[in-house]
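Source file: work_17.tsv (TSV, C-alpha atoms)
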chain	number	residue	atom	x	y	z
A	14	MET	CA	76.08	104.57	117.72
A	15	SER	CA	78.05	107.79	117.47
A	16	GLN	CA	81.84	107.87	117.57
A	17	LYS	CA	84.21	110.16	119.43
A	18	ASP	CA	86.19	112.51	117.21
A	19	THR	CA	89.97	112.54	117.20
A	20	ASP	CA	92.46	115.15	116.01
A	21	LEU	CA	94.02	114.85	112.58
A	22	ILE	CA	97.75	114.45	113.11
A	23	ILE	CA	100.10	113.85	110.18
A	24	ALA	CA	103.79	113.32	110.91
A	25	GLY	CA	103.49	115.31	114.12
A	26	HIS	CA	101.49	118.16	112.55
A	27	ARG	CA	98.14	118.70	114.25
A	28	LEU	CA	95.70	120.05	111.64
A	29	THR	CA	92.58	122.00	112.57
A	30	SER	CA	91.15	121.56	109.05
A	31	ARG	CA	90.58	118.25	107.31
A	32	LEU	CA	90.64	119.98	103.93
A	33	ILE	CA	93.87	120.41	101.96
A	34	ILE	CA	94.02	122.42	98.75
A	35	GLY	CA	96.50	122.73	95.92
A	36	THR	CA	98.26	125.71	94.38
A	37	GLY	CA	97.71	125.11	90.68
A	38	LYS	CA	95.26	126.34	88.04
A	39	PHE	CA	94.21	129.45	89.96
A	40	ALA	CA	94.02	132.72	88.04
A	41	SER	CA	96.67	134.18	90.33
A	42	TYR	CA	98.54	133.51	93.56
A	43	ALA	CA	96.35	136.19	95.16
A	44	GLN	CA	93.20	134.27	94.23
A	45	ASN	CA	94.81	131.08	95.51
A	46	ALA	CA	95.45	132.78	98.85
A	47	ARG	CA	91.87	134.03	99.11
A	48	ALA	CA	90.62	130.51	98.40
A	49	ALA	CA	92.88	129.07	101.09
A	50	GLU	CA	91.53	131.59	103.58
A	51	ALA	CA	87.92	130.85	102.62
A	52	ALA	CA	88.54	127.11	102.90
A	53	GLY	CA	90.15	127.54	106.31
A	54	VAL	CA	93.00	125.16	105.46
A	55	ASP	CA	96.24	124.60	107.35
A	56	MET	CA	98.07	122.80	104.54
A	57	VAL	CA	98.60	123.48	100.83
A	58	THR	CA	100.33	121.30	98.26
A	59	VAL	CA	103.08	122.84	96.17
A	60	ALA	CA	104.23	121.46	92.82
A	61	LEU	CA	107.87	122.50	93.03
A	62	ARG	CA	108.39	122.16	89.30
A	63	ARG	CA	105.53	124.55	88.50
A	64	VAL	CA	105.41	127.38	91.05
A	65	ASN	CA	107.74	130.26	91.81
A	66	LEU	CA	108.93	130.17	95.40
A	67	SER	CA	112.21	132.05	95.19
A	68	ASN	CA	112.56	134.40	92.19
A	69	PRO	CA	111.93	137.93	93.58
A	70	GLU	CA	111.61	139.33	90.06
A	71	GLU	CA	108.33	137.48	89.57
A	72	ASP	CA	105.17	137.09	91.63
A	73	ARG	CA	105.88	134.43	94.25
A	74	LEU	CA	103.50	131.98	95.88
A	75	SER	CA	105.25	132.53	99.21
A	76	ASP	CA	104.34	136.25	99.13
A	77	HIS	CA	100.64	135.37	99.19
A	78	LEU	CA	100.45	132.04	101.04
A	79	LEU	CA	102.82	132.81	103.88
A	80	PRO	CA	104.98	129.79	104.83
A	81	GLU	CA	104.68	130.72	108.50
A	82	LYS	CA	100.88	130.47	108.24
A	83	PHE	CA	100.42	127.46	105.97
A	84	ILE	CA	102.14	124.09	105.99
A	85	TYR	CA	103.72	123.66	102.56
A	86	LEU	CA	103.46	120.12	101.23
A	87	PRO	CA	105.90	119.73	98.30
A	88	ASN	CA	104.70	117.23	95.74
A	89	THR	CA	106.09	115.41	92.73
A	90	ALA	CA	103.41	116.39	90.22
A	91	GLY	CA	104.62	115.62	86.71
A	92	CYS	CA	106.99	112.81	87.72
A	93	PHE	CA	106.67	109.51	85.85
A	94	THR	CA	109.44	107.42	87.44
A	95	ALA	CA	110.51	106.66	90.97
A	96	ASP	CA	113.98	108.10	90.33
A	97	GLU	CA	112.53	111.36	89.05
A	98	ALA	CA	110.25	111.69	92.09
A	99	VAL	CA	113.04	110.96	94.57
A	100	ARG	CA	115.34	113.46	92.88
A	101	THR	CA	112.63	116.16	92.95
A	102	LEU	CA	112.01	115.73	96.67
A	103	ARG	CA	115.71	115.69	97.49
A	104	LEU	CA	115.87	119.11	95.83
A	105	ALA	CA	112.85	120.20	97.86
A	106	ARG	CA	114.58	119.30	101.09
A	107	GLU	CA	117.73	121.14	100.04
A	108	ALA	CA	115.78	124.22	98.89
A	109	GLY	CA	113.31	124.59	101.74
A	110	GLY	CA	114.19	122.05	104.38
A	111	TRP	CA	110.97	120.13	103.76
A	112	SER	CA	110.80	116.52	104.93
A	113	LEU	CA	107.01	116.11	104.94
A	114	VAL	CA	106.18	115.53	101.28
A	115	LYS	CA	103.48	114.27	98.95
A	116	LEU	CA	104.60	111.53	96.58
A	117	GLU	CA	102.90	110.87	93.27
A	118	VAL	CA	104.39	108.87	90.41
A	119	LEU	CA	102.18	108.92	87.34
A	120	ALA	CA	101.73	106.21	84.72
A	121	ASP	CA	100.79	108.26	81.66
A	122	GLN	CA	99.80	111.73	80.51
A	123	LYS	CA	96.26	110.80	79.45
A	124	THR	CA	94.91	109.45	82.73
A	125	LEU	CA	97.51	110.67	85.26
A	126	TYR	CA	96.77	107.38	87.00
A	127	PRO	CA	99.39	106.39	89.58
A	128	ASP	CA	102.06	103.89	88.60
A	129	MET	CA	101.87	101.77	91.73
A	130	PRO	CA	105.08	99.69	91.41
A	131	GLU	CA	107.08	102.91	90.84
A	132	THR	CA	105.18	104.65	93.65
A	133	LEU	CA	106.04	101.90	96.13
A	134	LYS	CA	109.67	101.91	94.98
A	135	ALA	CA	109.92	105.69	95.46
A	136	ALA	CA	108.17	105.58	98.85
A	137	GLU	CA	110.60	102.98	100.17
A	138	ALA	CA	113.60	105.02	98.98
A	139	LEU	CA	112.30	108.29	100.43
A	140	ILE	CA	111.38	106.78	103.80
A	141	LYS	CA	114.84	105.24	104.01
A	142	GLU	CA	116.25	108.76	103.58
A	143	GLY	CA	114.15	110.16	106.41
A	144	PHE	CA	111.23	111.70	104.50
A	145	GLU	CA	107.69	111.65	105.89
A	146	VAL	CA	105.69	110.48	102.88
A	147	MET	CA	102.04	111.19	102.16
A	148	VAL	CA	101.36	109.04	99.13
A	149	TYR	CA	98.92	109.41	96.22
A	150	CYS	CA	97.76	105.97	95.14
A	151	SER	CA	95.10	103.98	93.35
A	152	ASP	CA	92.03	102.84	95.30
A	153	ASP	CA	93.54	99.35	95.58
A	154	PRO	CA	93.43	98.13	99.21
A	155	VAL	CA	96.36	95.77	98.61
A	156	TYR	CA	98.73	98.51	97.48
A	157	ALA	CA	97.40	100.82	100.17
A	158	ARG	CA	98.39	98.25	102.78
A	159	ARG	CA	101.84	97.81	101.25
A	160	LEU	CA	102.42	101.56	101.30
A	161	GLU	CA	101.44	101.76	104.95
A	162	GLU	CA	103.71	98.81	105.75
A	163	ALA	CA	106.53	100.64	103.95
A	164	GLY	CA	106.09	103.49	106.43
A	165	CYS	CA	104.00	106.13	104.64
A	166	CYS	CA	102.45	108.60	107.08
A	167	ALA	CA	99.23	109.09	105.08
A	168	ILE	CA	97.52	107.04	102.39
A	169	MET	CA	95.86	109.13	99.66
A	170	PRO	CA	93.68	107.04	97.33
A	171	LEU	CA	92.13	108.73	94.31
A	172	GLY	CA	88.40	109.29	94.16
A	173	SER	CA	88.68	109.40	90.37
A	174	LEU	CA	91.16	110.74	87.83
A	175	ILE	CA	93.06	113.93	88.65
A	176	GLY	CA	91.16	116.99	87.49
A	177	SER	CA	88.18	114.97	86.24
A	178	GLY	CA	85.57	116.13	88.74
A	179	LEU	CA	83.91	112.72	88.49
A	180	GLY	CA	83.68	112.27	92.25
A	181	ILE	CA	84.26	109.03	94.13
A	182	GLN	CA	83.86	106.20	91.63
A	183	ASN	CA	84.57	103.30	93.96
A	184	PRO	CA	83.27	104.00	97.48
A	185	VAL	CA	83.54	100.32	98.43
A	186	ASN	CA	87.31	100.28	97.95
A	187	ILE	CA	87.73	103.61	99.71
A	188	ARG	CA	85.85	102.20	102.69
A	189	LEU	CA	87.98	99.04	102.66
A	190	ILE	CA	91.12	101.17	102.74
A	191	VAL	CA	89.74	103.22	105.64
A	192	GLU	CA	88.92	100.10	107.64
A	193	GLN	CA	92.36	98.51	107.26
A	194	THR	CA	94.56	101.61	107.62
A	195	THR	CA	95.96	102.99	110.88
A	196	VAL	CA	97.48	106.19	109.45
A	197	PRO	CA	95.29	109.00	108.04
A	198	VAL	CA	93.41	108.28	104.80
A	199	ILE	CA	92.88	111.33	102.59
A	200	VAL	CA	90.95	111.19	99.34
A	201	ASP	CA	93.10	112.84	96.70
A	202	ALA	CA	91.87	113.62	93.16
A	203	GLY	CA	88.53	113.60	91.39
A	204	VAL	CA	86.44	115.72	93.73
A	205	GLY	CA	84.17	117.99	91.69
A	206	THR	CA	81.75	119.56	94.12
A	207	ALA	CA	80.80	119.72	97.77
A	208	SER	CA	78.77	116.50	97.80
A	209	ASP	CA	81.86	114.57	96.66
A	210	ALA	CA	83.85	115.92	99.59
A	211	ALA	CA	81.04	115.12	101.99
A	212	MET	CA	80.85	111.56	100.65
A	213	ALA	CA	84.57	111.03	101.22
A	214	MET	CA	84.20	112.12	104.83
A	215	GLU	CA	81.04	110.05	105.36
A	216	LEU	CA	83.04	106.98	104.27
A	217	GLY	CA	85.33	107.63	107.23
A	218	CYS	CA	88.24	109.31	105.48
A	219	ASP	CA	90.33	111.62	107.62
A	220	GLY	CA	90.51	114.38	105.04
A	221	VAL	CA	90.16	115.46	101.42
A	222	LEU	CA	92.69	117.04	99.08
A	223	MET	CA	91.52	119.00	96.05
A	224	ASN	CA	92.64	121.62	93.58
A	225	THR	CA	90.70	121.75	90.30
A	226	ALA	CA	87.28	121.62	91.96
A	227	ILE	CA	88.00	124.98	93.56
A	228	ALA	CA	90.32	126.58	90.99
A	229	GLU	CA	88.03	125.90	88.02
A	230	ALA	CA	84.74	126.71	89.77
A	231	GLY	CA	82.78	129.69	88.49
A	232	ASP	CA	83.47	131.38	91.83
A	233	PRO	CA	86.55	129.73	93.37
A	234	ILE	CA	86.26	131.59	96.68
A	235	ARG	CA	82.65	130.58	97.21
A	236	MET	CA	83.46	126.98	96.22
A	237	ALA	CA	86.34	126.94	98.69
A	238	ARG	CA	83.90	128.00	101.40
A	239	ALA	CA	81.44	125.31	100.28
A	240	MET	CA	84.15	122.65	100.47
A	241	LYS	CA	85.03	123.74	104.00
A	242	HIS	CA	81.45	123.20	105.13
A	243	ALA	CA	81.11	119.94	103.16
A	244	VAL	CA	84.13	118.40	104.86
A	245	ILE	CA	82.84	119.44	108.27
A	246	ALA	CA	79.33	118.14	107.53
A	247	GLY	CA	80.62	114.84	106.17
A	248	ARG	CA	82.82	114.30	109.21
A	249	GLU	CA	79.94	115.08	111.58
A	250	ALA	CA	77.64	112.67	109.73
A	251	TYR	CA	80.25	109.91	109.88
A	252	LEU	CA	80.78	110.41	113.60
A	253	ALA	CA	77.05	110.59	114.27
A	254	GLY	CA	76.42	107.25	112.54
A	255	ARG	CA	73.88	107.21	109.75
A	256	MET	CA	70.53	105.45	109.99
A	257	LYS	CA	70.21	101.98	108.53
A	258	LYS	CA	68.86	101.70	105.01
A	259	ARG	CA	65.54	99.87	104.83
A	260	LEU	CA	63.83	98.11	101.98
A	261	TYR	CA	60.38	99.44	102.94
A	262	ALA	CA	58.95	102.60	104.45
A	263	ASP	CA	59.00	103.28	108.17
A	264	PRO	CA	56.68	106.11	109.26
A	265	SER	CA	58.23	109.06	111.04
A	266	SER	CA	55.14	109.41	113.23
A	267	PRO	CA	53.69	106.41	115.16
A	268	LEU	CA	50.55	104.88	113.68
A	269	ALA	CA	49.21	103.68	117.03
A	270	GLY	CA	46.61	105.85	118.77
A	271	LEU	CA	45.41	107.66	115.66
A	272	ILE	CA	42.02	109.35	115.93
Is it possible to express this structure as structure tokens?
Amino acid sequence: MSQKDTDLIIAGHRLTSRLIIGTGKFASYAQNARAAEAAGVDMVTVALRRVNLSNPEEDRLSDHLLPEKFIYLPNTAGCFTADEAVRTLRLAREAGGWSLVKLEVLADQKTLYPDMPETLKAAEALIKEGFEVMVYCSDDPVYARRLEEAGCCAIMPLGSLIGSGLGIQNPVNIRLIVEQTTVPVIVDAGVGTASDAAMAMELGCDGVLMNTAIAEAGDPIRMARAMKHAVIAGREAYLAGRMKKRLYADPSSPLAGLI
């Protein structure tokens, strides 16, 4: 049975696209902007510690991805403790007035896997200070539930390791998180190609966030366009309701009445 679609609303922001892209690893801010246009996104993540938003003497992200056109989502990329992440986002609010933020607290440099106790600690502190927190997390349904209970406005489980391109390694857990969660679920990290994005949407996720899959593609603009269509196709397939898998063949044409 098909399902009725609903709008994607995150902390009061109504998004027309279910795809979110990052602003790292691109050859230039201009290329990043062309990719964002090709992908048709409303929201882009911004690693405040790594991009130039304010120095007029250097090329600025904000000159290419206009803040009045795109929703900037400041993130805590590169933070390894809750205190460091909270401090970074306090600075973001002071610098740009941002209260909708993406939280990630990493465990180590090799895997960039989320440190879940520190992530939960940071989320609780930020929410107490009035931030709207979209949170990068492991694909653990238990921690996902705790983060939602803490007040996070979007749960963002990894598909696989950041920048790995390995796709969704644990679709069962992603589906469990989708089924139990009442706020948007957005797969964040590990997407490598369009089929990965489509899979995330077919599992019932509300959106997909990616950076490396587009930025490191042979043709980033064409890949951005592919990801746009993959997210749309995956969402449509999920809403349509896929056929049941069968152990044996079932002919497409009836066998009765054959000549």
_Residue among A:Ile23, A:Arg73, A:Asp152, A:Ala157 lying closest to Val114 of chain A, counting all atoms listed in the file_ =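 Nearest to Val114 of chain A: A:Ile23.
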*From A:Leu252, A:Met223, A:Met169, A:Asn183, residue lying nearest Val198 of chain A [only C-alpha atoms]*: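 When distances to Val198 of chain A are compared using only C-alpha atoms, the smallest one comes from A:Met169.
The gap separating atom CA of Ser177 of chain A from atom CA of Glu161 of chain A is 26.5 Å, in Å to one decimal.
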For segment 239-248 of chain A, take all atoms listed in the file, fit an axis-aligned box around them, add 8 Å to each of the six sides, then output centre and edge lengths in Å rounded to one decimal, as AutoDock Vina command-line options.
--center_x 82.2 --center_y 119.8 --center_z 104.7 --size_x 21.7 --size_y 27.0 --size_z 24.9
At most 12 Å is the cut-off: for each residue in segment 111-141 of chain A with any atom that close to an atom of segment 24-48 of chain A, write down the nearest atom pair and the distance in Å rounded to one decimal, counting all atoms listed in the file, chain first then increasing number, as a tab-separated table.
residue	atom	partner	partner_atom	distance
A:Ser112	CA	A:Ala24	CA	9.8
A:Leu113	CA	A:Ala24	CA	7.3
A:Val114	CA	A:Ala24	CA	10.2
A:Lys115	CA	A:Gly35	CA	11.4
*Work out how far apart atom CA of Ala105 of chain A and atom CA of Asn88 of chain A are and give it in Å to one decimal.*
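Going from atom CA of Ala105 of chain A over to atom CA of Asn88 of chain A, I get 8.9 Å.
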*Determine the nearest neighbour of Glu215 of chain A from the options A:Val146, A:Ala250, A:Ala136, A:Thr194, counting only C-alpha atoms.*
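Using only C-alpha atoms, Glu215 of chain A sits closest to A:Ala250.
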Taking only C-alpha atoms into account, produce a table as JSON lines in which each residue of segment 58-146 of chain A with an atom at most 12 Å from an atom of segment 200-213 of chain A appears once, together with its shortest atom pair and the distance in Å to one decimal, ordered by chain and rising number.
{"residue": "A:Thr58", "atom": "CA", "partner": "A:Asp201", "partner_atom": "CA", "distance": 11.2}
{"residue": "A:Lys115", "atom": "CA", "partner": "A:Asp201", "partner_atom": "CA", "distance": 10.7}
{"residue": "A:Leu116", "atom": "CA", "partner": "A:Asp201", "partner_atom": "CA", "distance": 11.6}
{"residue": "A:Glu117", "atom": "CA", "partner": "A:Asp201", "partner_atom": "CA", "distance": 10.6}
{"residue": "A:Thr124", "atom": "CA", "partner": "A:Gly203", "partner_atom": "CA", "distance": 11.5}
{"residue": "A:Leu125", "atom": "CA", "partner": "A:Ala202", "partner_atom": "CA", "distance": 10.1}
{"residue": "A:Tyr126", "atom": "CA", "partner": "A:Ala202", "partner_atom": "CA", "distance": 10.0}
{"residue": "A:Pro127", "atom": "CA", "partner": "A:Ala202", "partner_atom": "CA", "distance": 11.0}
*asked:* As an exercise, work out the distance from atom CA of Met214 of chain A to atom CA of Arg248 of chain A in Å and give it to one decimal place.
replied: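 Answer for the atom CA of Met214 of chain A to atom CA of Arg248 of chain A separation: 5.1 Å.
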Would you give me, as a tab-separated table, each residue of segment 83-121 of chain A having an atom within 10 Å of an atom of segment 51-55 of chain A, along with its shortest atom pair and that distance in Å to one decimal, using all atoms listed in the file and sorting by chain and residue number?
residue	atom	partner	partner_atom	distance
A:Phe83	CA	A:Asp55	CA	5.2
A:Ile84	CA	A:Asp55	CA	6.1
A:Tyr85	CA	A:Asp55	CA	8.9
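The nearest approach to Val221 of chain A among the residues A:Cys166, A:Ala262, A:Met256, A:Val57, with all atoms listed in the file taken into account, belongs to A:Val57.
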